[in-house]
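See below for the structure under consideration.
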Amino acid sequence: MSIIKRRQFLQFAGSALATLGISQLEIEQQAVRYAQVLAQNTTRKRALLVGINDYLKVNDFQWYPLEGAVNDTQIQKELLINLFGFQSDDIRVLHDQEATRENILQAFEEHLIKWAQPGDVAIFHYSGHGSQVADPDKVFEDGRVSTIVPINSSLPSGYPNKGGKVNDITGHTLWLLMQAINTENVTFVLDSCFSGGARKGILKVRSRPGDQELLRITDSKIQLLASTKEQEYQKQLMSRLNLTNSDFVKLRQQGVPKGVMLAAARRDQSAIDTRFADTPVGIFTYILTRYLWQQTSSESVNQVMLSTIATTQKILQEYFPTSGVVQQPEFNVKQGSNNDKQIVYFTNRKNIPAEAVVTKVQGNQIDLFLGGIDPRSLKAFGRGATFTVVDSQGQEQGQVQIESRQQLKAQGKLIQTTTRGVAIAAGTLLQERTRAIPNDLTLRIGLDSSLGQDIESARRALRAINKRIEPVSVNQPDINYILGRVTQEYVQQLQKLNIKKLPEVGSTALFSPAADLIPGSDGSAGERVSDAVSNRLKAKLKSLLAARLVKLTLNTTSSKLSVAAAMETVDGGAIQAEAFTIRGATVAPLSRSRGQTTRSSNVQRITPGTLVRFLVQNNEPHDLYISVLLISVDGELLVLSPLPGNEDAPPIAAGQQIQVPDPDRGELYKFRIAGEPGVAEVLVIASTTPFKKAIELLRALAAESDSKRGTPVNLDQKPDEAIVSLLNDLDEGTRGAGIARVDGTSQIDTQQMAALSITFEILPS
């Protein structure tokens, strides 16, 4: 049974409980029994969460308001309450105008420092802008100290031609506040950065210009300093802690004084504020908390952060295909401690993984919070998506189907139960059963101002390609790619990165939301925009649409099928990367069966010319049908298996393994790493039912092309139609599972299908 206090249980039992065949007396009896069990948990826990969006916009230095910082605190709060047993009353939240320097420090003193006793658990989370000021004590070599930026801290008048003081909270103060909390079980989470950037494409960077900008722009003698109040407060804290200034400098250089600090990025990197579907968030906070929703046990700080770092890098590869990773989370622990081996947040969590949690019940209507959804799959969790209600042992108790969703909050209804007497209350965990991919899902292309007077012709050309390719203003939310012209400034940036193949200035190209060039999308400088879209980019746009659709099926963490996949070198048979379903009955990465040690990241760097193959292991007690797709560096979609002309190849038998390519299955090619440097992705889709419609279309495409029999099929002719056929096959497989149907969607059942991703980076030749 999950760990909650009796007071909390009685609150939601009285006001947020939906029951089917269970009496109020039975509820009260359950409350007493639960209270007797849960009273054993005596650890006190508190959190202070700060999120600031509404900064004033300063055009001269592109200091922008944020969008996702407030959401970060809501995401963190739901996680702490529903997975880690925090009481709502013990979580203090400060948003926007509440989050002044004075209020943040007062809340820290009152809510954490004055309250804490040895053994207690304390968490401080900050999402907002970071910056830097000059440090008179020069604790670090560059003579600066990082800061967090309260809502009432602004740049001094005349900046950067003049220096001055700002009302920031410095890293020195945060160090002293952490030390002042009278428990070792302290965690700081900082989703901000100090690199001085403001935007990367349409993505916002959580950094306000600071002292580092003065050095770049003006005389280095001009400085930005912490306010007099800040400096005086630091002296007060040092006095309370019996620290001399020299003692403080020495200890500060050693790292955090206790507990753990989790940071969104390294000192010289960017913390990205972005949108996943319609949901603005900090990339770090979302990935960190989502990972914690998915765990089956309490993991160590080291384990959690290694996975968070790997996932962050993988997602950012889509934003920065040319520039590379610009944000790598990091963590620090007290020197000489074993805090990196301690469980994250220093407190145990429920042992049930989940995608969502019930937040409110009124009759048959259920409010949900979707904290455990893969950020890239949010579009598939609107109307029609279905969740399984699970008890404390992970056993199915019923199903809830979504009727509407706004960001991470959804409304649904209880559609069935497995037993009489099911109680569904606030705090009940939910696991994905089916996702619902909308049939009208579009690829949103932002039209950049660099197109000038050609914006309207670009809009018309995009609409003519496919009704699912949607041209929008670049200022609109949820943009997948940007259409614009290559500028001289952008080429200069590429030169600094030592990129060998440079696009022509003035050429029309596609860019990621971070304004990184999509490989293979640039043309010649004299090309008309309408010609570029209608002719040269048409196939690529359709391939990008198809890739967007098929990636919505990825369900490695939620699929109930037991499947593993890996990429290995042909010479030597060394596994380079692998993926496997987490919730299958038999979890067995292929490297484990060989006694190999897996690498920490799924994104592996491969040298051109390397000969590889892909392995797929069926750990189910019944046959599985597979499809293996390649999304190339430049966005093209290829089918590696099954191939036309070999439709009768048998499925993977129970407990068996196949390789791709395999001549015995009609795959008469060798897969050698080649092409432009960048990130490619292989998707392995396993299903309990055959891919009839997809194979029929593949057969037709092969007949129209001049590709050799037994070689990969390039879907550049009809990639979107091919993926829609695949989705229809998966939808057909779901129909026999007794799931309530919703028109206008393709539903995919976790018990019928698994979709895994293997990502690798092709190095320059």
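Residues in the structure tokens are numbered from 1 in each chain, the chains being A, B, ... in the order shown, and ligands are numbered from 1 in the order shown.
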
Can you check which residues of range 206-446 of chain A DSSP gives as strand (DSSP E or B) on the backbone and send them as a PDB file with C-alpha atoms, in the first residue's frame?
```pdb
ATOM      1  CA  SER A 207      19.428  33.239 -18.572  1.00  0.00           C
ATOM      2  CA  LEU A 224      27.531  44.103 -12.272  1.00  0.00           C
ATOM      3  CA  LEU A 225      27.340  43.461  -8.538  1.00  0.00           C
ATOM      4  CA  ALA A 226      24.956  41.938  -6.028  1.00  0.00           C
ATOM      5  CA  VAL A 260      22.595  17.212  -3.328  1.00  0.00           C
ATOM      6  CA  MET A 261      22.245  19.909  -5.959  1.00  0.00           C
ATOM      7  CA  LEU A 262      20.707  18.963  -9.321  1.00  0.00           C
ATOM      8  CA  ALA A 263      21.335  21.536 -12.054  1.00  0.00           C
ATOM      9  CA  ILE A 272      16.129  25.452 -22.459  1.00  0.00           C
ATOM     10  CA  ASP A 273      12.556  26.614 -21.865  1.00  0.00           C
ATOM     11  CA  THR A 274      10.400  24.989 -24.556  1.00  0.00           C
ATOM     12  CA  ARG A 275       7.060  23.430 -25.424  1.00  0.00           C
ATOM     13  CA  PHE A 276       6.257  19.755 -25.756  1.00  0.00           C
ATOM     14  CA  THR A 279       2.849  22.255 -22.752  1.00  0.00           C
ATOM     15  CA  PRO A 280       5.544  24.844 -21.893  1.00  0.00           C
ATOM     16  CA  VAL A 281       8.196  23.429 -19.548  1.00  0.00           C
ATOM     17  CA  GLY A 282      11.854  23.401 -18.715  1.00  0.00           C
ATOM     18  CA  SER A 300      20.018   6.634  -6.357  1.00  0.00           C
ATOM     19  CA  GLU A 330      24.859  17.830 -13.777  1.00  0.00           C
ATOM     20  CA  PHE A 331      24.752  17.174 -10.057  1.00  0.00           C
ATOM     21  CA  ASN A 332      26.955  17.948  -7.074  1.00  0.00           C
ATOM     22  CA  VAL A 333      27.116  16.317  -3.667  1.00  0.00           C
ATOM     23  CA  ILE A 343      18.019   7.608  -3.049  1.00  0.00           C
ATOM     24  CA  ALA A 356      -0.834   9.633 -14.788  1.00  0.00           C
ATOM     25  CA  VAL A 357      -2.556  10.131 -11.456  1.00  0.00           C
ATOM     26  CA  VAL A 358      -6.120  10.899 -10.444  1.00  0.00           C
ATOM     27  CA  THR A 359      -6.383  14.409  -8.973  1.00  0.00           C
ATOM     28  CA  LYS A 360     -10.147  14.713  -8.531  1.00  0.00           C
ATOM     29  CA  VAL A 361     -13.238  12.510  -8.758  1.00  0.00           C
ATOM     30  CA  GLN A 362     -16.796  13.684  -9.140  1.00  0.00           C
ATOM     31  CA  GLN A 365     -15.826  12.076 -14.089  1.00  0.00           C
ATOM     32  CA  ILE A 366     -12.115  11.883 -13.388  1.00  0.00           C
ATOM     33  CA  ASP A 367      -9.499  14.662 -13.445  1.00  0.00           C
ATOM     34  CA  LEU A 368      -5.979  13.472 -14.264  1.00  0.00           C
ATOM     35  CA  PHE A 369      -2.448  14.802 -14.191  1.00  0.00           C
ATOM     36  CA  PHE A 381      -2.803  11.526 -25.149  1.00  0.00           C
ATOM     37  CA  THR A 386      -7.070   5.101 -22.230  1.00  0.00           C
ATOM     38  CA  PHE A 387      -5.403   4.415 -18.893  1.00  0.00           C
ATOM     39  CA  THR A 388      -5.494   1.397 -16.629  1.00  0.00           C
ATOM     40  CA  VAL A 389      -6.341   1.970 -12.973  1.00  0.00           C
ATOM     41  CA  VAL A 390      -3.810   0.063 -10.843  1.00  0.00           C
ATOM     42  CA  GLU A 396      -5.569  -3.693 -12.988  1.00  0.00           C
ATOM     43  CA  GLN A 397      -8.746  -2.371 -11.368  1.00  0.00           C
ATOM     44  CA  GLY A 398     -10.444  -0.591 -14.257  1.00  0.00           C
ATOM     45  CA  GLN A 399      -9.989   1.863 -17.105  1.00  0.00           C
ATOM     46  CA  VAL A 400     -10.257   5.618 -17.541  1.00  0.00           C
ATOM     47  CA  GLN A 401     -10.614   7.214 -20.968  1.00  0.00           C
ATOM     48  CA  ILE A 402      -9.601  10.810 -21.702  1.00  0.00           C
ATOM     49  CA  GLU A 403     -12.274  13.133 -23.073  1.00  0.00           C
ATOM     50  CA  SER A 404     -10.155  16.297 -23.216  1.00  0.00           C
ATOM     51  CA  ARG A 405      -6.665  17.510 -22.323  1.00  0.00           C
ATOM     52  CA  GLN A 406      -5.135  20.915 -21.630  1.00  0.00           C
ATOM     53  CA  LYS A 409      -4.211  18.191 -17.095  1.00  0.00           C
ATOM     54  CA  ALA A 410      -6.887  15.940 -18.553  1.00  0.00           C
ATOM     55  CA  GLN A 411     -10.525  15.129 -17.938  1.00  0.00           C
ATOM     56  CA  GLY A 412     -11.900  11.644 -18.463  1.00  0.00           C
ATOM     57  CA  LYS A 413     -14.437   9.107 -17.364  1.00  0.00           C
ATOM     58  CA  LEU A 414     -14.396   5.696 -15.752  1.00  0.00           C
ATOM     59  CA  ILE A 415     -15.386   3.308 -18.541  1.00  0.00           C
ATOM     60  CA  GLN A 416     -15.071  -0.103 -16.885  1.00  0.00           C
ATOM     61  CA  THR A 417     -13.839  -1.947 -13.829  1.00  0.00           C
ATOM     62  CA  VAL A 422     -13.284  -0.654  -6.883  1.00  0.00           C
ATOM     63  CA  ALA A 423     -12.425   2.637  -5.184  1.00  0.00           C
ATOM     64  CA  ILE A 424     -10.889   5.362  -7.327  1.00  0.00           C
ATOM     65  CA  ALA A 425      -9.707   8.409  -5.416  1.00  0.00           C
ATOM     66  CA  LEU A 429      -2.079   5.827 -10.150  1.00  0.00           C
ATOM     67  CA  LEU A 430      -2.801   5.128 -13.813  1.00  0.00           C
ATOM     68  CA  GLN A 431      -0.787   3.325 -16.464  1.00  0.00           C
ATOM     69  CA  GLU A 432      -1.089   3.749 -20.214  1.00  0.00           C
ATOM     70  CA  ARG A 433      -3.315   1.209 -21.961  1.00  0.00           C
ATOM     71  CA  THR A 434      -3.906   2.868 -25.342  1.00  0.00           C
ATOM     72  CA  ARG A 435      -2.756   6.074 -26.923  1.00  0.00           C
ATOM     73  CA  ALA A 436      -4.871   7.822 -29.547  1.00  0.00           C
ATOM     74  CA  ILE A 437      -3.040   9.421 -32.466  1.00  0.00           C
ATOM     75  CA  PRO A 438      -5.321  12.026 -34.093  1.00  0.00           C
ATOM     76  CA  LEU A 443       3.387  18.981 -39.264  1.00  0.00           C
ATOM     77  CA  ARG A 444       3.549  22.657 -38.264  1.00  0.00           C
ATOM     78  CA  ILE A 445       6.017  24.713 -40.300  1.00  0.00           C
ATOM     79  CA  GLY A 446       6.876  28.175 -38.962  1.00  0.00           C
TER      80      GLY A 446
END
```

Tell me which protein, DNA and RNA residues are within 9 Å of Val344 in chain A, counting only C-alpha atoms, leaving out same-chain ones fewer than 2 positions away, and put them as JSON, numbers by chain. {"A": [187, 260, 298, 299, 300, 301, 302, 303, 304, 340, 341, 342, 346, 347, 348]}

Compile the contact shell of range 465-472 of chain A as an mmCIF file with C-alpha atoms, in the first residue's frame: residues with an atom at most 9 Å away, counting only C-alpha atoms, same-chain residues fewer than 3 positions apart removed.
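Written file, result_21.cif:
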```
data_model
loop_
_atom_site.group_PDB
_atom_site.id
_atom_site.type_symbol
_atom_site.label_atom_id
_atom_site.label_comp_id
_atom_site.auth_asym_id
_atom_site.auth_seq_id
_atom_site.Cartn_x
_atom_site.Cartn_y
_atom_site.Cartn_z
ATOM 1 C CA ASP A 440 -5.739 15.095 -38.467
ATOM 2 C CA LEU A 441 -2.360 15.582 -36.778
ATOM 3 C CA THR A 442 -0.255 18.084 -38.735
ATOM 4 C CA LEU A 443 3.387 18.981 -39.264
ATOM 5 C CA ARG A 444 3.549 22.657 -38.264
ATOM 6 C CA ILE A 445 6.017 24.713 -40.300
ATOM 7 C CA GLY A 446 6.876 28.175 -38.962
ATOM 8 C CA LEU A 447 7.479 30.781 -41.686
ATOM 9 C CA ALA A 458 5.710 29.659 -49.288
ATOM 10 C CA ARG A 459 2.407 29.303 -47.438
ATOM 11 C CA ARG A 460 0.547 28.363 -50.622
ATOM 12 C CA ALA A 461 3.231 25.899 -51.707
ATOM 13 C CA LEU A 462 3.226 24.146 -48.322
ATOM 14 C CA ASN A 475 5.490 33.111 -33.370
ATOM 15 C CA GLN A 476 2.860 30.393 -32.986
ATOM 16 C CA ILE A 479 6.172 24.476 -34.234
ATOM 17 C CA VAL A 533 9.051 23.966 -51.375
ATOM 18 C CA SER A 534 7.118 22.465 -54.286
ATOM 19 C CA LYS A 538 8.338 18.238 -51.014
ATOM 20 C CA LEU A 541 8.508 17.474 -45.743
ATOM 21 C CA LYS A 542 6.370 14.391 -46.279
ATOM 22 C CA LEU A 545 5.536 14.289 -41.343
#
```

Spatial neighbours of Ala271 in chain A, 6 Å, only C-alpha atoms, chain gap at least 3 places, as a PyMOL selection string: chain A and resi 192-193+205-206+264-265

Restricted to C-alpha atoms, what would the selected residues look like written as a tab-separated table (two decimals), in the first residue's frame?
```tsv
chain	number	residue	atom	x	y	z
A	192	SER	CA	18.16	27.91	-14.89
A	193	CYS	CA	21.49	28.81	-16.45
A	205	VAL	CA	17.10	30.22	-22.72
A	206	ARG	CA	16.71	30.65	-18.96
A	264	ALA	CA	19.82	21.87	-15.52
A	265	ALA	CA	23.09	22.63	-17.27
```

Check range 330-532 of chain A with DSSP on the backbone and list each residue it calls alpha helix (DSSP H), as a PyMOL selection string. chain A and resi 455-465+488-496+529-531

Computed gap from CA of Gly372 in chain A to CA of Tyr291 in chain A is 7.2 Å
